[in-house]
$ cat work29.txt   # compact mmCIF, C-alpha atoms
# COMPACT_ATOMS: atom_id res chain seq x y z
CA MET H 230 75.98 32.01 89.70
CA ARG H 231 75.46 34.30 86.72
CA LYS H 232 74.95 32.16 83.64
CA PRO H 233 71.84 30.08 82.80
CA ASP H 234 73.78 26.81 82.65
CA GLU H 235 75.23 27.49 86.11
CA ARG H 236 71.75 28.05 87.52
CA ILE H 237 70.45 24.92 85.83
CA ARG H 238 73.32 22.89 87.33
CA ALA H 239 72.52 24.28 90.80
CA MET H 240 68.84 23.40 90.39
CA SER H 241 69.84 19.90 89.34
CA GLU H 242 71.78 19.51 92.58
CA LYS H 243 69.32 21.17 94.96
CA SER H 244 65.80 21.49 93.54
CA VAL H 245 65.31 17.84 92.69
CA ASP H 246 67.01 16.40 95.78
CA ASN H 247 63.74 14.83 96.90
CA ILE H 248 64.01 12.28 94.09
CA SER H 249 65.27 9.21 95.92
CA ALA H 250 65.89 6.84 93.04
CA GLY H 251 67.23 7.14 89.55
CA ARG H 252 69.23 9.90 87.93
CA ARG H 253 68.03 13.47 88.41
CA ARG H 254 67.16 14.91 85.01
CA VAL H 255 67.00 18.66 84.44
CA ARG H 256 66.41 20.05 80.95
CA GLY H 257 67.32 23.61 79.98
CA LEU H 258 65.46 25.26 77.07
CA THR H 259 65.18 28.75 75.64
CA LEU H 260 61.87 30.56 75.24
CA ALA H 261 62.22 30.40 71.44
CA GLU H 262 62.74 26.62 71.50
CA VAL H 263 59.60 26.01 73.57
CA CYS H 264 57.51 28.30 71.36
CA ASN H 265 58.82 27.17 67.98
CA TRP H 266 59.28 23.43 68.39
CA SER H 267 56.45 21.13 67.39
CA THR H 268 54.47 19.47 70.16
CA THR H 269 56.02 16.11 69.27
CA SER H 270 59.59 17.48 69.39
CA LEU H 271 58.98 19.26 72.69
CA LYS H 272 57.48 16.15 74.25
CA GLN H 273 60.45 14.03 73.16
CA SER H 274 62.92 16.61 74.47
CA CYS H 275 61.24 16.71 77.89
CA ALA H 276 60.63 12.97 78.22
CA ASN H 277 61.84 11.44 81.50
CA THR H 278 62.75 14.88 82.82
CA ASN H 279 62.20 15.87 86.44
CA LEU H 280 62.62 19.62 85.94
CA VAL H 281 62.41 21.84 82.84
CA VAL H 282 64.06 25.28 83.10
CA VAL H 283 63.06 27.82 80.45
CA HIS H 284 65.38 30.81 80.23
CA SER H 285 64.42 34.09 78.54
CA ARG H 286 66.44 37.31 78.10
CA GLU H 287 64.10 38.90 75.55
CA ILE H 288 62.34 41.36 77.87
CA ASP H 289 65.61 42.47 79.48
CA ASP H 290 67.33 42.82 76.10
CA ALA H 291 64.42 44.83 74.70
CA GLY H 292 64.55 47.21 77.65
CA GLU H 293 68.31 47.67 77.41
CA ALA H 294 67.95 48.43 73.67
CA ASN H 295 65.32 51.12 74.45
CA VAL H 296 62.57 49.31 72.50
CA GLY H 297 60.88 47.88 75.57
CA LEU H 298 57.43 49.43 75.38
CA ALA H 299 57.10 48.47 71.71
CA THR H 300 57.94 44.80 72.35
CA PHE H 301 57.09 43.91 75.97
CA GLU H 302 53.56 42.77 75.10
CA THR H 303 54.94 40.52 72.35
CA TRP H 304 57.35 38.78 74.69
CA LEU H 305 54.73 38.38 77.41
CA GLN H 306 52.55 36.65 74.83
CA GLN H 307 55.50 34.40 73.97
CA ILE H 308 55.84 33.44 77.65
CA LYS H 309 52.12 32.65 77.75
CA SER H 310 52.51 30.60 74.59
CA ALA H 311 55.42 28.62 76.09
CA TRP H 312 53.38 27.96 79.24
CA ASN H 313 50.45 26.57 77.22
CA HIS H 314 52.77 24.52 75.02
CA LEU H 315 54.40 22.86 78.03
CA LYS H 316 50.99 22.31 79.57
CA SER H 317 49.83 20.55 76.39
CA ILE H 318 52.56 17.87 76.79
CA GLY H 319 51.45 17.03 80.33
CA ILE H 320 53.45 19.36 82.57
CA ASN H 321 51.21 20.57 85.43
CA GLU H 322 53.42 22.53 87.84
CA PHE H 323 54.93 25.90 86.86
CA VAL H 324 56.98 28.56 88.64
CA PHE H 325 57.42 31.96 86.95
CA THR H 326 60.10 34.26 88.31
CA ALA H 327 62.55 37.01 87.32
CA ASP H 328 65.89 38.24 88.63
CA HIS H 329 64.68 41.85 88.91
CA GLY H 330 62.17 44.36 87.58
CA PHE H 331 62.65 47.72 85.92
CA LEU H 332 61.65 51.35 86.14
CA LEU H 333 60.55 53.18 83.01
CA GLN H 334 62.49 56.38 82.50
CA ASP H 335 59.55 58.44 81.22
CA GLN H 336 58.53 62.05 81.81
CA THR H 337 57.43 61.24 85.39
CA THR H 338 60.87 59.96 86.42
CA GLN H 339 63.65 62.34 87.44
CA GLU H 340 67.39 61.78 87.58
CA LYS H 341 69.17 63.20 90.62
CA PRO H 342 72.97 63.63 90.75
CA TYR H 343 74.75 62.37 93.88
CA ARG H 344 78.43 63.25 94.24
CA ASP H 345 80.48 60.84 92.14
CA SER H 346 77.92 58.07 91.89
CA ASN H 347 77.69 56.12 88.63
CA ARG H 348 75.30 53.45 89.88
CA ARG H 349 71.59 53.35 90.68
CA TYR H 350 72.34 52.93 94.39
CA ILE H 351 74.85 54.22 96.96
CA LEU H 352 76.93 51.84 99.08
CA ALA H 353 78.44 53.44 102.21
CA LYS H 354 80.51 52.16 105.12
CA GLU H 355 78.55 54.18 107.70
CA PRO H 356 74.86 55.11 108.10
CA ARG H 357 73.88 58.50 106.70
CA SER H 358 70.96 60.78 107.40
CA GLU H 359 70.23 62.84 104.31
CA GLU H 360 67.17 64.65 102.99
CA GLU H 361 64.88 62.58 100.72
CA MET H 362 67.06 59.51 101.37
CA VAL H 363 66.65 56.29 103.34
CA THR H 364 69.54 54.21 104.73
CA VAL H 365 69.30 50.43 105.17
CA SER H 366 72.00 48.15 106.58
CA LEU H 367 73.12 45.14 104.59
CA ASN H 368 72.55 43.05 107.71
CA ALA H 369 68.87 44.10 107.78
CA LEU H 370 68.58 42.96 104.16
CA ASN H 371 69.97 39.52 105.14
CA TYR H 372 73.30 39.88 103.35
CA GLU H 373 75.22 37.35 105.43
CA GLY H 374 78.73 38.37 106.47
CA GLN H 375 78.49 41.76 104.77
CA GLU H 376 78.92 45.13 106.45
CA GLY H 377 77.83 48.52 105.20
CA TYR H 378 74.72 50.48 104.26
CA LEU H 379 72.67 51.06 101.13
CA LEU H 380 71.23 54.50 100.40
CA PHE H 381 68.07 54.89 98.34
CA ARG H 382 65.85 57.76 97.42
CA LYS H 383 62.42 57.86 99.04
CA ASP H 384 60.67 58.72 95.77
CA THR H 385 60.82 57.25 92.25
CA ALA H 386 63.73 59.44 91.14
CA VAL H 387 66.96 57.64 90.25
CA PHE H 388 70.59 58.55 90.68
CA ALA H 389 72.10 59.99 87.51
CA THR H 390 74.71 57.64 86.03
CA GLY H 391 75.97 59.91 83.25
CA ILE H 392 74.24 57.85 80.53
CA PRO H 393 71.46 60.05 79.11
CA GLY H 394 68.57 58.87 76.96
CA ALA H 395 67.88 55.54 78.68
CA THR H 396 64.22 54.54 78.82
CA PHE H 397 64.76 51.47 81.02
CA VAL H 398 66.65 51.58 84.32
CA HIS H 399 67.48 49.22 87.16
CA GLY H 400 67.71 50.26 90.78
CA GLY H 401 66.30 53.24 92.56
CA ASN H 402 63.80 52.77 95.35
CA SER H 403 61.35 50.96 93.08
CA LEU H 404 59.21 48.02 94.10
CA GLN H 405 60.07 46.30 90.82
CA GLU H 406 63.77 46.31 91.66
CA ARG H 407 63.49 45.43 95.37
CA VAL H 408 61.00 42.55 95.15
CA ILE H 409 61.58 39.41 93.08
CA PRO H 410 58.23 38.09 91.74
CA VAL H 411 57.46 34.39 92.11
CA LEU H 412 54.24 33.05 90.60
CA THR H 413 53.33 29.38 91.12
CA VAL H 414 50.67 27.78 88.90
CA SER H 415 49.34 24.27 89.46
CA HIS H 416 47.03 22.46 87.02
CA ARG H 417 45.25 19.68 88.88
CA HIS H 418 42.94 18.50 86.10
CA GLN H 419 43.67 17.71 82.49
CA SER H 420 41.12 17.20 79.75
CA HIS H 421 41.34 13.78 78.10
CA LEU H 422 39.40 14.93 75.04
CA ALA H 423 41.46 14.98 71.88
CA MET H 424 42.12 18.51 70.75
CA VAL H 425 40.52 19.64 67.52
CA LYS H 426 43.21 20.52 64.99
CA TYR H 427 42.88 23.76 63.02
CA LEU H 428 44.45 25.04 59.83
CA ILE H 429 45.31 28.63 58.93
CA GLU H 430 44.82 29.57 55.28
CA ALA H 431 46.49 32.67 53.82
CA LYS H 432 46.36 34.54 50.51
CA PRO H 433 48.91 37.35 50.00
CA GLU H 434 47.55 40.40 48.18
CA PRO H 435 49.22 43.42 46.49
CA SER H 436 50.27 46.27 48.80
CA ILE H 437 47.99 49.28 49.26
CA LEU H 438 48.56 52.66 50.97
CA ASP H 439 52.15 51.67 51.86
CA CYS H 440 50.82 48.64 53.75
CA SER H 441 51.38 44.98 52.97
CA ARG H 442 48.21 42.89 52.69
CA ILE H 443 47.24 39.31 53.33
CA ARG H 444 43.89 37.52 53.66
CA ILE H 445 43.49 34.97 56.44
CA ARG H 446 40.90 32.46 57.59
CA VAL H 447 40.85 29.55 60.08
CA LYS H 448 39.07 26.23 59.66
CA PRO H 449 39.14 22.80 61.32
CA ALA H 450 41.54 20.34 59.76
CA PRO H 451 39.85 17.43 57.96
CA VAL H 452 39.73 14.26 60.08
CA ALA H 453 38.68 10.72 59.32
CA GLN H 454 35.57 10.66 61.54
CA GLY H 455 34.69 14.36 61.57
CA VAL H 456 34.58 16.75 64.52
CA LEU H 457 31.62 17.59 66.71
CA SER H 458 30.93 21.32 66.22
CA PHE H 459 30.32 22.00 69.93
CA VAL H 460 33.71 20.58 70.93
CA GLY H 461 35.91 23.02 69.03
CA ALA H 462 36.70 26.67 69.62
CA ARG H 463 34.57 29.40 68.06
CA GLU H 464 37.44 31.89 67.77
CA ILE H 465 41.18 31.45 67.39
CA ASN H 466 43.84 34.06 68.19
CA VAL H 467 46.23 34.56 65.28
CA ALA H 468 49.39 36.71 65.06
CA LEU H 469 52.07 37.57 62.50
CA ARG H 470 55.84 37.27 62.77
CA VAL H 471 58.92 36.84 60.60
CA PRO H 472 60.39 33.37 61.26
CA GLU H 473 63.74 33.46 63.11
CA ARG H 474 63.93 37.26 62.77
CA PRO H 475 63.10 38.89 66.14
CA ASP H 476 64.83 42.04 64.87
CA ILE H 477 61.93 42.73 62.48
CA GLN H 478 58.85 44.35 64.00
CA VAL H 479 55.43 43.44 62.58
CA THR H 480 52.62 45.94 63.15
CA ILE H 481 49.01 45.19 62.24
CA LYS H 482 47.41 48.40 60.96
CA ASP H 483 43.87 47.24 60.27
CA ALA H 484 41.81 44.06 59.91
CA PRO H 485 38.16 44.75 59.00
CA GLY H 486 35.94 41.97 60.31
CA ALA H 487 38.27 40.89 63.11
CA GLU H 488 39.09 42.34 66.53
CA VAL H 489 42.72 43.36 66.95
CA LYS H 490 43.94 43.12 70.55
CA ASN H 491 47.60 43.45 71.53
CA GLN H 492 48.61 42.82 67.91
CA GLN H 493 46.61 39.60 67.81
CA LEU H 494 43.64 38.86 65.55
CA GLN H 495 40.57 37.15 66.97
CA ILE H 496 39.28 35.19 63.98
CA ALA H 497 36.05 33.20 63.87
CA VAL H 498 36.55 29.53 62.94
CA GLU H 499 35.08 28.77 59.50
CA GLY H 500 34.30 32.46 59.04
CA ASP H 501 34.89 34.71 56.05
CA TRP H 502 38.32 35.72 54.81
CA ILE H 503 39.85 38.52 56.91
CA GLU H 504 41.94 41.12 55.08
CA VAL H 505 44.91 42.23 57.21
CA LEU H 506 46.93 45.38 56.53
CA PHE H 507 50.35 45.42 58.19
CA ASP H 508 53.87 46.79 57.88
CA LEU H 509 57.34 45.43 58.62
CA LYS H 510 60.18 47.49 60.08
CA GLY H 511 63.78 46.43 60.50
CA GLN H 512 67.36 47.61 60.40
CA ARG H 513 67.57 47.57 56.59
CA ASP H 514 65.38 47.44 53.48
CA GLU H 515 64.83 43.82 52.50
CA ARG H 516 62.17 41.26 51.63
CA VAL H 517 61.12 38.45 53.99
CA ARG H 518 58.53 35.76 54.39
CA LEU H 519 55.78 35.99 56.99
CA GLU H 520 54.49 33.35 59.41
CA ILE H 521 50.86 33.32 60.54
CA TYR H 522 50.57 31.38 63.78
CA HIS H 523 48.54 30.81 66.96
CA PRO H 524 50.49 32.72 69.68
CA ASP H 525 48.64 31.31 72.71
CA ASN H 526 49.28 27.61 71.99
CA VAL H 527 45.94 26.92 73.66
CA GLU H 528 44.53 25.14 70.61
CA ASP H 529 46.23 22.78 68.17
CA VAL H 530 46.73 25.14 65.23
CA GLU H 531 49.06 24.52 62.30
CA SER H 532 50.87 27.70 61.31
CA ILE H 533 51.58 28.68 57.73
CA VAL H 534 54.41 30.51 55.91
CA PRO H 535 53.26 31.65 52.44
CA GLN H 536 55.87 31.59 49.69
CA THR H 537 55.35 35.30 49.00
CA TYR H 538 57.99 37.79 50.20
CA PHE H 539 56.99 41.11 51.80
CA ASN H 540 58.89 44.41 51.92
CA VAL H 541 60.66 45.49 55.11
CA SER H 542 61.23 49.19 55.73
CA GLY H 543 64.71 49.84 57.12
CA SER H 544 63.47 52.60 59.43
CA PHE H 545 63.47 50.79 62.78
CA GLN H 546 65.62 52.70 65.28
CA GLY H 547 66.07 49.95 67.87
CA GLU H 548 69.41 48.22 68.39
CA VAL H 549 70.07 44.69 67.24
CA SER H 550 71.56 42.40 69.86
CA ALA H 551 75.12 41.32 69.15
CA ALA H 552 73.86 37.73 69.19
CA THR H 553 71.34 38.47 66.43
CA GLU H 554 72.88 37.68 63.05
CA LEU H 555 70.94 38.81 60.01
CA PRO H 556 70.50 35.58 58.02
CA LYS H 557 70.93 35.14 54.30
CA ASN H 558 67.82 34.14 52.34
CA THR H 559 68.55 30.68 50.98
CA GLY H 560 65.19 28.86 50.83
CA TRP H 561 63.42 30.91 48.15
CA GLN H 562 64.62 28.75 45.24
CA ASP H 563 62.37 25.89 46.37
CA SER H 564 59.34 28.10 45.64
CA PHE H 565 59.71 27.64 41.87
CA GLU H 566 58.38 24.47 40.27
CA ASP H 567 59.80 25.53 36.89
CA GLU H 568 63.55 24.92 36.94
CA THR H 569 64.24 27.41 34.13
CA VAL H 570 62.44 30.26 35.96
CA ARG H 571 64.41 29.42 39.10
CA ARG H 572 67.63 29.67 37.06
CA VAL H 573 66.61 33.13 35.80
CA PHE H 574 66.24 34.53 39.31
CA PHE H 575 69.37 32.75 40.51
CA HIS H 576 71.20 34.48 37.65
CA LEU H 577 69.73 37.81 38.79
CA GLN H 578 70.83 37.21 42.36
CA GLN H 579 74.37 36.31 41.30
CA HIS H 580 74.97 38.80 38.45
CA GLY H 581 72.55 41.66 39.18
CA SER H 582 70.86 41.85 35.75
CA ILE H 583 69.64 39.82 32.78
CA THR H 584 68.70 40.79 29.22
CA GLU H 585 65.99 39.38 26.97
CA SER H 586 68.70 37.70 24.92
CA GLU H 587 70.02 35.93 28.03
CA LEU H 588 66.44 35.09 29.02
CA ASN H 589 65.92 33.43 25.66
CA GLN H 590 69.02 31.29 26.20
CA ILE H 591 67.87 30.14 29.67
CA LEU H 592 64.15 29.69 28.95
CA GLY H 593 64.60 28.17 25.49
CA SER H 594 62.27 30.18 23.24
CA ALA H 595 60.83 33.65 22.57
CA ARG H 596 57.38 32.36 23.51
CA LEU H 597 58.59 31.38 26.97
CA VAL H 598 60.27 34.79 27.34
CA ARG H 599 56.90 36.46 26.64
CA ARG H 600 55.24 34.13 29.16
CA PHE H 601 57.90 35.05 31.73
CA SER H 602 57.18 38.74 31.14
CA LEU H 603 53.43 38.22 31.65
CA ASP H 604 53.98 36.23 34.87
CA PHE H 605 56.83 38.41 36.15
CA GLU H 606 54.89 40.06 39.01
CA GLU H 607 53.79 36.68 40.37
CA HIS H 608 57.35 35.34 40.12
CA LEU H 609 58.69 38.41 41.93
CA LYS H 610 56.60 37.62 45.03
CA LYS H 611 58.70 34.50 45.58
CA VAL H 612 62.15 36.09 45.79
CA PRO H 613 63.77 38.06 48.65
CA PHE H 614 64.88 40.99 46.46
CA SER H 615 63.29 43.60 44.20
CA VAL H 616 63.76 43.78 40.44
CA ARG H 617 63.11 46.72 38.13
CA ILE H 618 62.56 46.55 34.37
CA GLU H 619 64.50 48.84 32.05
CA THR H 620 63.65 49.38 28.38
CA THR H 621 66.69 49.53 26.08
CA SER H 622 67.25 49.55 22.31
CA ASN H 623 67.80 45.80 22.52
CA GLY H 624 64.61 45.09 24.49
CA LYS H 625 63.89 44.67 28.19
CA ARG H 626 66.57 44.40 30.83
CA TYR H 627 65.78 43.09 34.33
CA VAL H 628 67.92 44.64 37.08
CA LYS H 629 68.19 43.49 40.70
CA GLN H 630 67.78 46.32 43.22
CA ASN H 631 69.88 46.38 46.40

$ encode --input "work29.txt" --output "structure tokens"
Amino acid sequence: MRKPDERIRAMSEKSVDNISAGRRRVRGLTLAEVCNWSTTSLKQSCANTNLVVVHSREIDDAGEANVGLATFETWLQQIKSAWNHLKSIGINEFVFTADHGFLLQDQTTQEKPYRDSNRRYILAKEPRSEEEMVTVSLNALNYEGQEGYLLFRKDTAVFATGIPGATFVHGGNSLQERVIPVLTVSHRHQSHLAMVKYLIEAKPEPSILDCSRIRIRVKPAPVAQGVLSFVGAREINVALRVPERPDIQVTIKDAPGAEVKNQQLQIAVEGDWIEVLFDLKGQRDERVRLEIYHPDNVEDVESIVPQTYFNVSGSFQGEVSAATELPKNTGWQDSFEDETVRRVFFHLQQHGSITESELNQILGSARLVRRFSLDFEEHLKKVPFSVRIETTSNGKRYVKQN
């Protein structure tokens, strides 16, 4: 069994065989689905299910793309978020496991050549006694019906495979590779108190010192009968991400008035506005929207995606997975209440430029053209591309920048 659906089918046949009556129901979900779905959608998806299997390749993919250290903490937080989200819909028993670990190929790790080996281990037909090596039979490792011997190094060095520059390797005589972790968590008690719902408010601000800026605060959502102050949380963890774009890295640079821990902001409920300085890095220069959300899923917090677009610096050196398709920005047009202004920017997107004469035709009058010019910077925040203004003998000309 190699594929997630094959493992899920095997679990359906074996892991729920103690269910004597009724159909055995096993539900397979991805980490992104558990984290991003609403609580209502997740609860409906898992209704009448005996076993939920959540599959995640993010940590492995990040390591293989040599961006592991920069992203491991983010994905661990996502796993924690998924755990809390499933717990919030009434699931009490959890098993966390992995198919293998990894060894960081940093300055403390050495690569050692071994004859014609191109793997991280040596498989031999006979036992060997070699310096700085240990030999283990397949029979001793409980490989049923298999003959032969595995050779490993006694230290943390790894066999050279002829692929230089890797920062993430499998194999070697590492504890992470040899031992499969299994963590079982049981929640015996559930609180029957209704969770206090919180809202995140956000105000985008102009960039400063090559950093994007946004102001954030958290407050309880208004309810019909009010909320007792001692019931709710005093602080809420908040993080930033680009919706459906794991290829874009968000880095919080500073947030005066809030503690930043593992790229999460600890914000006091009903406190002052917190100004956050951050930058976005991706594979190309572009403009994207930002989501401010509660990564832990411990509290009931409604995330927010402001209509403003932020600049992405195309300087990120990591590799994009083949399964990651860079999406086209299609939802920005809904940000404009004024249909004529929306048509102006749609014209810019389609044709690349627009003159004041063409503006006058679309907007309807010279007065509205002047109003458009005064409000141009605010309009520009709502579109996923940059526009420069050129001065010509016939007036202004707005040009879309690639």

$ closest_residue --input "work29.txt" --among "H:Val505, H:Phe614, H:Leu469, H:Leu370" --to "Gly486 in chain H" --atoms "all atoms listed in the file"
H:Val505

$ residues_around --input "work29.txt" --residues "range 326-333 of chain H" --least-positions-apart "3" --cutoff "6 Å" --atoms "all atoms listed in the file" --output "MDAnalysis selection string"
chainID H and resid 396:399 405:406 409:411

$ residues_around --input "work29.txt" --residues "Arg617 in chain H" --least-positions-apart "3" --cutoff "8 Å" --atoms "only C-alpha atoms" --output "NGL selection string"
:H and (627-630)

$ atom_distance --input "work29.txt" --atom1 "CA of Ser602 in chain H" --atom2 "CA of Lys432 in chain H"
22.6 Å

$ residues_around --input "work29.txt" --residues "range 511-525 of chain H" --least-positions-apart "6" --cutoff "7 Å" --atoms "only C-alpha atoms" --output "VMD selection string"
chain H and resid 306 to 307 309 to 310 313 466 to 472 476 to 478 532 to 545 613 to 614

$ residues_around --input "work29.txt" --residues "Lys316 in chain H" --least-positions-apart "2" --cutoff "12 Å" --atoms "all atoms listed in the file" --output "PyMOL selection string"
chain H and resi 263+268+271-272+275+281+309-314+318-323+414-420+525-528

$ residues_around --input "work29.txt" --residues "Glu499 in chain H" --least-positions-apart "3" --cutoff "10 Å" --atoms "all atoms listed in the file" --output "list in words"
Tyr427, Arg446, Val447, Lys448, Pro449, Arg463, Glu464, Ile496 and Trp502 of chain H

$ axis_aligned_box --input "work29.txt" --around "range 518-529 of chain H" --padding-each-side "6 Å" --output "lines of an AutoDock Vina configuration file"
center_x = 51.5
center_y = 29.4
center_z = 64.0
size_x = 26.0
size_y = 25.2
size_z = 31.3

$ atom_distance --input "work29.txt" --atom1 "CA of Gly593 in chain H" --atom2 "CA of His580 in chain H"
19.7 Å

$ residues_near_point --input "work29.txt" --point "(40.7, 47.0, 65.3)" --cutoff "12 Å" --atoms "all atoms listed in the file" --output "list in words"
Ile481, Lys482, Asp483, Ala484, Pro485, Gly486, Ala487, Glu488, Val489, Lys490, Asn491, Gln492, Gln493, Leu494, Gln495, Ile496, Ile503, Glu504, Val505 and Leu506 of chain H

$ atom_distance --input "work29.txt" --atom1 "CA of Thr620 in chain H" --atom2 "CA of Ser436 in chain H"
24.6 Å

$ residues_near_point --input "work29.txt" --point "(63.6, 30.2, 72.5)" --cutoff "10 Å" --atoms "only C-alpha atoms" --output "number ranges by chain"
H: 258-266, 283-287, 307-308, 311, 473

$ closest_residue --input "work29.txt" --among "H:Val282, H:Ala276, H:Leu509, H:Ala431" --to "Ile237 in chain H" --atoms "all atoms listed in the file"
H:Val282
